[in-house]
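Here is the file data-v9.pdb (PDB, C-alpha atoms).
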ATOM      1  CA  MET J 661      45.943 -38.153   5.570
ATOM      2  CA  THR J 662      43.725 -35.259   4.478
ATOM      3  CA  GLY J 663      43.678 -33.408   1.159
ATOM      4  CA  TYR J 664      42.050 -29.996   0.589
ATOM      5  CA  VAL J 665      40.649 -28.515  -2.611
ATOM      6  CA  PHE J 666      39.980 -24.770  -2.495
ATOM      7  CA  VAL J 667      37.148 -23.419  -4.660
ATOM      8  CA  ASP J 668      36.652 -19.720  -5.434
ATOM      9  CA  LEU J 669      32.985 -19.038  -6.240
ATOM     10  CA  ALA J 670      32.115 -16.145  -8.549
ATOM     11  CA  ASN J 671      28.505 -14.964  -8.963
ATOM     12  CA  ARG J 672      27.225 -18.130  -7.322
ATOM     13  CA  ASP J 673      25.863 -18.805  -3.868
ATOM     14  CA  PRO J 674      27.617 -21.599  -1.941
ATOM     15  CA  GLY J 675      24.413 -23.527  -1.239
ATOM     16  CA  SER J 676      23.388 -24.166  -4.844
ATOM     17  CA  TYR J 677      26.988 -24.763  -5.969
ATOM     18  CA  ILE J 678      27.659 -27.392  -3.315
ATOM     19  CA  ALA J 679      24.320 -29.098  -3.992
ATOM     20  CA  GLU J 680      25.172 -29.393  -7.685
ATOM     21  CA  ALA J 681      28.833 -30.304  -7.095
ATOM     22  CA  GLY J 682      27.875 -32.947  -4.545
ATOM     23  CA  ARG J 683      25.450 -34.544  -7.018
ATOM     24  CA  VAL J 684      28.117 -34.624  -9.750
ATOM     25  CA  LEU J 685      30.703 -36.097  -7.389
ATOM     26  CA  ARG J 686      28.331 -38.825  -6.271
ATOM     27  CA  GLU J 687      27.519 -39.742  -9.863
ATOM     28  CA  LYS J 688      31.057 -39.691 -11.325
ATOM     29  CA  THR J 689      33.369 -40.721  -8.507
ATOM     30  CA  ASN J 690      33.804 -44.042  -6.747
ATOM     31  CA  LEU J 691      35.661 -43.590  -3.467
ATOM     32  CA  PRO J 692      37.764 -46.502  -2.179
ATOM     33  CA  PRO J 693      36.899 -47.908   1.246
ATOM     34  CA  GLY J 694      38.051 -45.629   4.029
ATOM     35  CA  TYR J 695      37.807 -42.410   2.003
ATOM     36  CA  ALA J 696      35.189 -39.685   2.464
ATOM     37  CA  LEU J 697      34.319 -36.251   1.048
ATOM     38  CA  SER J 698      33.131 -33.313   3.157
ATOM     39  CA  TRP J 699      32.580 -29.595   2.605
ATOM     40  CA  GLY J 700      33.959 -26.925   4.916
ATOM     41  CA  GLY J 701      34.849 -23.272   4.994
ATOM     42  CA  GLN J 702      32.158 -20.713   4.295
ATOM     43  CA  PHE J 703      29.564 -23.380   3.529
ATOM     44  CA  GLU J 704      30.027 -24.934   6.958
ATOM     45  CA  SER J 705      29.467 -21.568   8.627
ATOM     46  CA  ILE J 706      26.338 -20.990   6.521
ATOM     47  CA  GLU J 707      24.938 -24.368   7.522
ATOM     48  CA  ARG J 708      25.418 -23.571  11.200
ATOM     49  CA  ALA J 709      23.754 -20.189  10.771
ATOM     50  CA  ASN J 710      20.827 -21.725   8.846
ATOM     51  CA  ARG J 711      20.191 -24.194  11.660
ATOM     52  CA  ARG J 712      20.023 -21.303  14.104
ATOM     53  CA  LEU J 713      17.798 -19.233  11.811
ATOM     54  CA  LYS J 714      15.286 -22.088  11.640
ATOM     55  CA  ILE J 715      14.764 -21.490  15.344
ATOM     56  CA  VAL J 716      15.275 -17.733  15.554
ATOM     57  CA  VAL J 717      12.965 -16.637  12.710
ATOM     58  CA  PRO J 718       9.838 -18.601  13.818
ATOM     59  CA  ALA J 719      10.485 -17.591  17.426
ATOM     60  CA  THR J 720      10.727 -13.922  16.382
ATOM     61  CA  ILE J 721       7.484 -14.088  14.402
ATOM     62  CA  ALA J 722       5.700 -15.811  17.301
ATOM     63  CA  LEU J 723       6.994 -13.196  19.752
ATOM     64  CA  VAL J 724       5.870 -10.331  17.511
ATOM     65  CA  MET J 725       2.395 -11.886  17.173
ATOM     66  CA  LEU J 726       2.181 -12.314  20.960
ATOM     67  CA  LEU J 727       3.165  -8.700  21.617
ATOM     68  CA  LEU J 728       0.687  -7.453  19.011
ATOM     69  CA  TYR J 729      -2.112  -9.479  20.565
ATOM     70  CA  VAL J 730      -1.257  -8.220  24.050
ATOM     71  CA  ASN J 731      -1.329  -4.667  22.673
ATOM     72  CA  THR J 732      -4.555  -4.900  20.652
ATOM     73  CA  ARG J 733      -6.463  -7.589  22.623
ATOM     74  CA  SER J 734      -7.942  -8.679  19.308
ATOM     75  CA  PHE J 735      -6.994 -11.556  17.037
ATOM     76  CA  ALA J 736      -8.536  -9.783  14.026
ATOM     77  CA  LYS J 737      -6.487  -6.627  14.625
ATOM     78  CA  THR J 738      -3.333  -8.709  15.030
ATOM     79  CA  MET J 739      -3.913 -10.367  11.660
ATOM     80  CA  ILE J 740      -4.605  -6.991  10.023
ATOM     81  CA  ILE J 741      -1.318  -5.603  11.356
ATOM     82  CA  LEU J 742       0.573  -8.653  10.098
ATOM     83  CA  LEU J 743      -0.726  -7.932   6.580
ATOM     84  CA  SER J 744       2.168  -5.492   6.303
ATOM     85  CA  VAL J 745       4.597  -8.444   6.241
ATOM     86  CA  PRO J 746       3.662  -9.677   2.723
ATOM     87  CA  PHE J 747       3.442  -6.040   1.563
ATOM     88  CA  SER J 748       7.059  -5.420   2.528
ATOM     89  CA  ALA J 749       8.197  -8.882   1.411
ATOM     90  CA  ILE J 750       7.339  -7.890  -2.172
ATOM     91  CA  GLY J 751       9.772  -4.991  -2.087
ATOM     92  CA  ALA J 752      12.438  -7.014  -0.270
ATOM     93  CA  VAL J 753      12.370  -9.766  -2.909
ATOM     94  CA  TRP J 754      12.518  -7.268  -5.767
ATOM     95  CA  ALA J 755      15.445  -5.442  -4.146
ATOM     96  CA  LEU J 756      17.396  -8.687  -3.781
ATOM     97  CA  TYR J 757      16.574  -9.619  -7.380
ATOM     98  CA  LEU J 758      17.628  -6.265  -8.856
ATOM     99  CA  LEU J 759      20.839  -6.175  -6.836
ATOM    100  CA  HIS J 760      21.638  -9.844  -7.626
ATOM    101  CA  TYR J 761      21.916 -10.765  -3.951
ATOM    102  CA  ASN J 762      21.433 -14.367  -2.871
ATOM    103  CA  LEU J 763      19.784 -15.412   0.366
ATOM    104  CA  SER J 764      22.343 -15.329   3.137
ATOM    105  CA  VAL J 765      22.567 -14.811   6.870
ATOM    106  CA  ALA J 766      22.926 -11.050   6.390
ATOM    107  CA  VAL J 767      19.800 -10.951   4.210
ATOM    108  CA  TRP J 768      17.799 -12.852   6.833
ATOM    109  CA  VAL J 769      18.966 -10.402   9.486
ATOM    110  CA  GLY J 770      17.637  -7.561   7.331
ATOM    111  CA  ILE J 771      14.311  -9.362   6.847
ATOM    112  CA  VAL J 772      13.897  -9.897  10.596
ATOM    113  CA  ALA J 773      14.649  -6.193  11.186
ATOM    114  CA  LEU J 774      12.104  -5.316   8.491
ATOM    115  CA  LEU J 775       9.491  -7.360  10.356
ATOM    116  CA  SER J 776       9.811  -5.112  13.403
ATOM    117  CA  ILE J 777       9.412  -1.977  11.264
ATOM    118  CA  ASP J 778       6.305  -3.483   9.637
ATOM    119  CA  ALA J 779       4.757  -4.218  13.017
ATOM    120  CA  GLU J 780       5.402  -0.659  14.171
ATOM    121  CA  THR J 781       3.907   1.013  11.089
ATOM    122  CA  GLY J 782       0.966  -1.407  11.083
ATOM    123  CA  VAL J 783       0.139  -0.606  14.713
ATOM    124  CA  PHE J 784       0.131   3.122  13.985
ATOM    125  CA  MET J 785      -2.031   2.715  10.889
ATOM    126  CA  LEU J 786      -4.577   0.670  12.832
ATOM    127  CA  LEU J 787      -4.498   3.216  15.656
ATOM    128  CA  TYR J 788      -5.388   6.097  13.335
ATOM    129  CA  LEU J 789      -8.171   4.074  11.707
ATOM    130  CA  ASP J 790      -9.595   3.114  15.108
ATOM    131  CA  LEU J 791      -9.505   6.722  16.314
ATOM    132  CA  ALA J 792     -11.331   7.953  13.210
ATOM    133  CA  TYR J 793     -13.900   5.142  13.508
ATOM    134  CA  ASP J 794     -14.542   5.778  17.212
ATOM    135  CA  GLU J 795     -14.801   9.531  16.668
ATOM    136  CA  ALA J 796     -17.420   9.077  13.921
ATOM    137  CA  ARG J 797     -19.366   6.548  16.004
ATOM    138  CA  MET J 798     -19.425   8.694  19.159
ATOM    139  CA  SER J 799     -20.533  11.788  17.232
ATOM    140  CA  GLY J 800     -23.403   9.889  15.571
ATOM    141  CA  ARG J 801     -21.988  10.147  12.049
ATOM    142  CA  LEU J 802     -21.689   6.393  11.499
ATOM    143  CA  ASN J 803     -25.121   5.533  10.139
ATOM    144  CA  THR J 804     -24.409   4.163   6.664
ATOM    145  CA  LEU J 805     -21.612   2.384   4.849
ATOM    146  CA  ALA J 806     -20.763   5.662   3.120
ATOM    147  CA  ASP J 807     -20.163   7.226   6.544
ATOM    148  CA  LEU J 808     -17.898   4.292   7.429
ATOM    149  CA  ARG J 809     -15.846   4.775   4.271
ATOM    150  CA  GLU J 810     -15.543   8.510   4.893
ATOM    151  CA  ALA J 811     -14.261   7.898   8.427
ATOM    152  CA  ILE J 812     -11.696   5.348   7.217
ATOM    153  CA  VAL J 813     -10.422   7.654   4.469
ATOM    154  CA  TYR J 814     -10.099  10.443   7.029
ATOM    155  CA  GLY J 815      -8.080   8.208   9.368
ATOM    156  CA  ALA J 816      -5.828   6.940   6.569
ATOM    157  CA  ALA J 817      -5.160  10.497   5.375
ATOM    158  CA  LYS J 818      -4.067  11.507   8.875
ATOM    159  CA  ARG J 819      -1.582   8.605   8.820
ATOM    160  CA  LEU J 820       0.052   9.805   5.583
ATOM    161  CA  ARG J 821       2.486  12.256   7.181
ATOM    162  CA  PRO J 822       3.760   9.940   9.981
ATOM    163  CA  LYS J 823       4.070   7.088   7.476
ATOM    164  CA  PHE J 824       6.082   9.268   5.110
ATOM    165  CA  MET J 825       8.341  10.366   7.975
ATOM    166  CA  THR J 826       9.015   6.719   8.876
ATOM    167  CA  PHE J 827       9.756   5.909   5.240
ATOM    168  CA  ALA J 828      12.011   8.962   4.782
ATOM    169  CA  THR J 829      14.060   8.444   7.954
ATOM    170  CA  THR J 830      14.603   4.771   7.129
ATOM    171  CA  CYS J 831      15.758   5.560   3.605
ATOM    172  CA  ILE J 832      17.976   8.426   4.757
ATOM    173  CA  GLY J 833      19.654   6.134   7.251
ATOM    174  CA  LEU J 834      20.074   3.085   4.998
ATOM    175  CA  LEU J 835      20.665   4.439   1.488
ATOM    176  CA  PRO J 836      24.238   5.586   2.277
ATOM    177  CA  VAL J 837      24.975   2.007   3.337
ATOM    178  CA  MET J 838      24.038   0.813  -0.162
ATOM    179  CA  TRP J 839      26.882   2.918  -1.639
ATOM    180  CA  SER J 840      29.482   2.160   1.021
ATOM    181  CA  ILE J 841      32.766   0.564  -0.070
ATOM    182  CA  GLY J 842      34.635   0.177   3.202
ATOM    183  CA  ALA J 843      35.376  -2.870   5.302
ATOM    184  CA  GLY J 844      32.268  -4.945   5.979
ATOM    185  CA  SER J 845      30.242  -3.109   3.338
ATOM    186  CA  ASP J 846      29.264  -6.342   1.568
ATOM    187  CA  VAL J 847      27.536  -7.611   4.699
ATOM    188  CA  MET J 848      25.897  -4.265   5.518
ATOM    189  CA  LYS J 849      24.550  -3.918   1.979
ATOM    190  CA  ARG J 850      22.802  -7.275   2.240
ATOM    191  CA  ILE J 851      21.262  -6.265   5.562
ATOM    192  CA  ALA J 852      20.052  -2.911   4.236
ATOM    193  CA  ALA J 853      18.770  -4.094   0.831
ATOM    194  CA  PRO J 854      15.618  -5.944   2.005
ATOM    195  CA  MET J 855      14.855  -3.161   4.477
ATOM    196  CA  VAL J 856      14.984  -0.413   1.820
ATOM    197  CA  GLY J 857      12.968  -2.390  -0.729
ATOM    198  CA  GLY J 858      10.458  -3.579   1.853
ATOM    199  CA  ILE J 859       9.792  -0.184   3.422
ATOM    200  CA  PHE J 860       9.201   1.299  -0.053
ATOM    201  CA  THR J 861       6.430  -1.127  -1.061
ATOM    202  CA  SER J 862       5.051  -1.135   2.472
ATOM    203  CA  PHE J 863       4.702   2.655   2.319
ATOM    204  CA  ILE J 864       2.549   2.432  -0.808
ATOM    205  CA  MET J 865       0.522  -0.710  -0.162
ATOM    206  CA  GLU J 866      -0.300  -0.022   3.486
ATOM    207  CA  LEU J 867      -1.937   3.266   2.520
ATOM    208  CA  LEU J 868      -3.961   1.543  -0.227
ATOM    209  CA  ILE J 869      -4.728  -1.959   1.068
ATOM    210  CA  TYR J 870      -4.979  -1.402   4.830
ATOM    211  CA  PRO J 871      -8.057   0.876   4.659
ATOM    212  CA  MET J 872      -9.805  -1.582   2.317
ATOM    213  CA  VAL J 873      -9.246  -4.517   4.670
ATOM    214  CA  TYR J 874     -10.316  -2.416   7.656
ATOM    215  CA  GLU J 875     -13.495  -1.404   5.851
ATOM    216  CA  LEU J 876     -14.349  -5.023   5.044
ATOM    217  CA  TRP J 877     -13.819  -5.967   8.678
ATOM    218  CA  LYS J 878     -15.985  -3.149  10.042
ATOM    219  CA  ARG J 879     -18.594  -3.590   7.304
ATOM    220  CA  SER J 880     -19.215  -7.184   8.390
ATOM    221  CA  SER J 881     -20.125  -5.924  11.863
ATOM    222  CA  MET J 882     -22.259  -3.028  10.549
ATOM    223  CA  THR J 883     -24.381  -4.811   7.950
ATOM    224  CA  LYS J 884     -26.054  -7.071  10.547
ATOM    225  CA  PRO J 885     -28.029  -4.292  12.283
ATOM    226  CA  PHE J 886     -28.983  -2.826   8.912
ATOM    227  CA  ALA J 887     -30.254  -6.219   7.734
ATOM    228  CA  LEU J 888     -32.308  -6.626  10.900
ATOM    229  CA  ALA J 889     -33.805  -3.163  10.443
ATOM    230  CA  ARG J 890     -34.815  -3.967   6.853
ATOM    231  CA  GLY J 891     -36.314  -7.265   8.004
ATOM    232  CA  ALA J 892     -38.387  -5.586  10.703
ATOM    233  CA  THR J 893     -39.695  -3.021   8.225
ATOM    234  CA  SER J 894     -40.794  -5.695   5.763
ATOM    235  CA  GLU J 895     -42.554  -7.639   8.524
ATOM    236  CA  ASP J 896     -44.485  -4.560   9.665
ATOM    237  CA  ARG J 897     -45.856  -3.817   6.186
ATOM    238  CA  PRO J 898     -48.384  -6.723   6.018
ATOM    239  CA  ALA J 899     -49.746  -5.798   9.445
ATOM    240  CA  GLN J 900     -50.203  -2.182   8.353
ATOM    241  CA  ALA J 901     -51.944  -3.356   5.139
ATOM    242  CA  VAL J 902     -54.362  -5.551   7.133
ATOM    243  CA  MET J 903     -55.202  -2.707   9.498
ATOM    244  CA  ALA J 904     -55.845  -0.358   6.565
ATOM    245  CA  LEU J 905     -58.102  -2.923   4.847
ATOM    246  CA  SER J 906     -60.135  -3.515   8.008
ATOM    247  CA  ALA J 907     -60.549   0.213   8.521
ATOM    248  CA  ALA J 908     -61.800   0.619   4.937
ATOM    249  CA  ARG J 909     -64.403  -2.144   5.438
ATOM    250  CA  ASP J 910     -65.719  -0.532   8.606
TER     251      ASP J 910
END
Would you write out, as structure tokens, the structure that this file holds?
Amino acid sequence: MTGYVFVDLANRDPGSYIAEAGRVLREKTNLPPGYALSWGGQFESIERANRRLKIVVPATIALVMLLLYVNTRSFAKTMIILLSVPFSAIGAVWALYLLHYNLSVAVWVGIVALLSIDAETGVFMLLYLDLAYDEARMSGRLNTLADLREAIVYGAAKRLRPKFMTFATTCIGLLPVMWSIGAGSDVMKRIAAPMVGGIFTSFIMELLIYPMVYELWKRSSMTKPFALARGATSEDRPAQAVMALSAARD
């Protein structure tokens, strides 16, 4: 014999409610031998989806990292591109907080889709910075750290228009979903929310933080020759002083 109790949740995610309800039931109920309690319905579907997401999300991140490394052939460049992930995560979390959305399967789908957009915009940003750096180096204008900064600013400024076009097209395509009221709109809103919030903060922070990180990376490879040049100059000075003193004595 089986008995069912239906619960209608309002403004509460099933995961936290069932965790709290299960704790209360364990503390205040004593089941006779042969009886058992179990949760079903929407919570059961969420548990199945969470088990799959524990495999899908890490596999997706690993695949994106592999493709980025194959494209750039550089571990440092791959890590720089992946910096866009925490940039966009800030906006995604704030969007979920302001809209009062809980973590769900639809939200995770939106976050995974946001990861692919981040990888794309990060690759293009790095491409423009590399082109500006190579152009300055081949033309002989990369002699000081000030020249390096000027080249990076030039490359980042060229990326402004394509980055804004990516941001605008994403918002134009997803913002109408946020106001939809038809069938399935609740699911689509939770997919679009992290993407809209993430692409907004990514648009701002990639243009500000990416060039700084790129400059630090290139500066570490440029300061070594400058240090060696300063060292050689300081070592030559005593020899020149000795030669001048000997010439004065003669």
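Among the candidates J:Leu876, J:Met855, J:Ala843, J:Val769, the one nearest to Ile812 (chain J) when counting all atoms listed in the file is J:Leu876.
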Find the smallest box with edges along x, y and z containing every listed atom of region 841-851 of chain J, then add 4 Å on each side and report centre and edge lengths in Å to one decimal, as AutoDock Vina command-line options.
--center_x 28.3 --center_y -3.5 --center_z 3.0 --size_x 22.1 --size_y 16.2 --size_z 14.0
Separation of CA of Arg819 (chain J) from CA of Thr861 (chain J), in Å and rounded to one decimal: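 Computed distance, CA of Arg819 (chain J) to CA of Thr861 (chain J), equals 16.0 Å.
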Residue IDs satisfying the PyMOL selection byres ((chain J and resi 872) around 12), as a ChimeraX atom specification: /J:740,743,786,789,808-810,812-813,816,865-871,873-879
Given all atoms listed in the file as the counted atoms, nearest of J:Gly833, J:Gly858, J:Gly663, J:Gly800 to Leu775 (chain J):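 Comparing J:Gly833, J:Gly858, J:Gly663, J:Gly800 against Leu775 (chain J), the winner is J:Gly858.
Here the PyMOL selection byres ((chain J and resi 854) around 7) captures the residues J:Ala752, J:Ala755, J:Leu756, J:Val767, J:Gly770, J:Ile771, J:Ile851, J:Ala852, J:Ala853, J:Met855, J:Val856, J:Gly857, J:Gly858.
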Output of the PyMOL selection byres ((chain J and resi 674-686) around 12), listed as a PyMOL selection string: chain J and resi 667-673+687-691+696-707+710+762-764
Export, as an mmCIF file, in the coordinates of the input, the selected residues with C-alpha atoms.
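Result file is again32.cif:
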data_model
loop_
_atom_site.group_PDB
_atom_site.id
_atom_site.type_symbol
_atom_site.label_atom_id
_atom_site.label_comp_id
_atom_site.auth_asym_id
_atom_site.auth_seq_id
_atom_site.Cartn_x
_atom_site.Cartn_y
_atom_site.Cartn_z
ATOM 1 C CA VAL J 667 37.148 -23.419 -4.660
ATOM 2 C CA ASP J 668 36.652 -19.720 -5.434
ATOM 3 C CA LEU J 669 32.985 -19.038 -6.240
ATOM 4 C CA ALA J 670 32.115 -16.145 -8.549
ATOM 5 C CA ASN J 671 28.505 -14.964 -8.963
ATOM 6 C CA ARG J 672 27.225 -18.130 -7.322
ATOM 7 C CA ASP J 673 25.863 -18.805 -3.868
ATOM 8 C CA GLU J 687 27.519 -39.742 -9.863
ATOM 9 C CA LYS J 688 31.057 -39.691 -11.325
ATOM 10 C CA THR J 689 33.369 -40.721 -8.507
ATOM 11 C CA ASN J 690 33.804 -44.042 -6.747
ATOM 12 C CA LEU J 691 35.661 -43.590 -3.467
ATOM 13 C CA ALA J 696 35.189 -39.685 2.464
ATOM 14 C CA LEU J 697 34.319 -36.251 1.048
ATOM 15 C CA SER J 698 33.131 -33.313 3.157
ATOM 16 C CA TRP J 699 32.580 -29.595 2.605
ATOM 17 C CA GLY J 700 33.959 -26.925 4.916
ATOM 18 C CA GLY J 701 34.849 -23.272 4.994
ATOM 19 C CA GLN J 702 32.158 -20.713 4.295
ATOM 20 C CA PHE J 703 29.564 -23.380 3.529
ATOM 21 C CA GLU J 704 30.027 -24.934 6.958
ATOM 22 C CA SER J 705 29.467 -21.568 8.627
ATOM 23 C CA ILE J 706 26.338 -20.990 6.521
ATOM 24 C CA GLU J 707 24.938 -24.368 7.522
ATOM 25 C CA ASN J 710 20.827 -21.725 8.846
ATOM 26 C CA ASN J 762 21.433 -14.367 -2.871
ATOM 27 C CA LEU J 763 19.784 -15.412 0.366
ATOM 28 C CA SER J 764 22.343 -15.329 3.137
#
Selected residue of minimal separation from Val716 (chain J) among J:Val765, J:Leu787, J:Trp839, J:Ala796, counting all atoms listed in the file: J:Val765
For CA of Lys737 (chain J) and CA of Met825 (chain J), the interatomic separation in Å (one decimal): 23.5 Å
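As for CA of Met785 (chain J) and CA of Ile715 (chain J), they are spaced 29.8 Å apart.
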Counting all atoms listed in the file, the residue of J:Gly694, J:Ala719, J:Ala749, J:Phe860 that sits nearest Ala828 (chain J):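 Ranked by minimum distance to Ala828 (chain J), first place goes to J:Phe860.
Across J:Thr829, J:Arg797, J:Ala709, J:Pro693, the tightest approach to Trp768 (chain J) is made by J:Ala709 when counting all atoms listed in the file.
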Residue neighbourhood Leu727 (chain J), 12 Å, all atoms listed in the file, exclusion window fewer than 6 positions, as a list in words: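 Residues meeting the cut-off are Thr720, Ile721, Arg733, Ser734, Phe735, Thr738, Ile741, Leu742, Ser776, Ala779, Glu780 and Val783 of chain J.
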Minimum-distance residue to Lys818 (chain J), chosen among J:Val730, J:Leu802, J:Leu791, J:Val665 (using only C-alpha atoms):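 Checking each of J:Val730, J:Leu802, J:Leu791, J:Val665 against Lys818 (chain J), counting only C-alpha atoms, the winner is J:Leu791.
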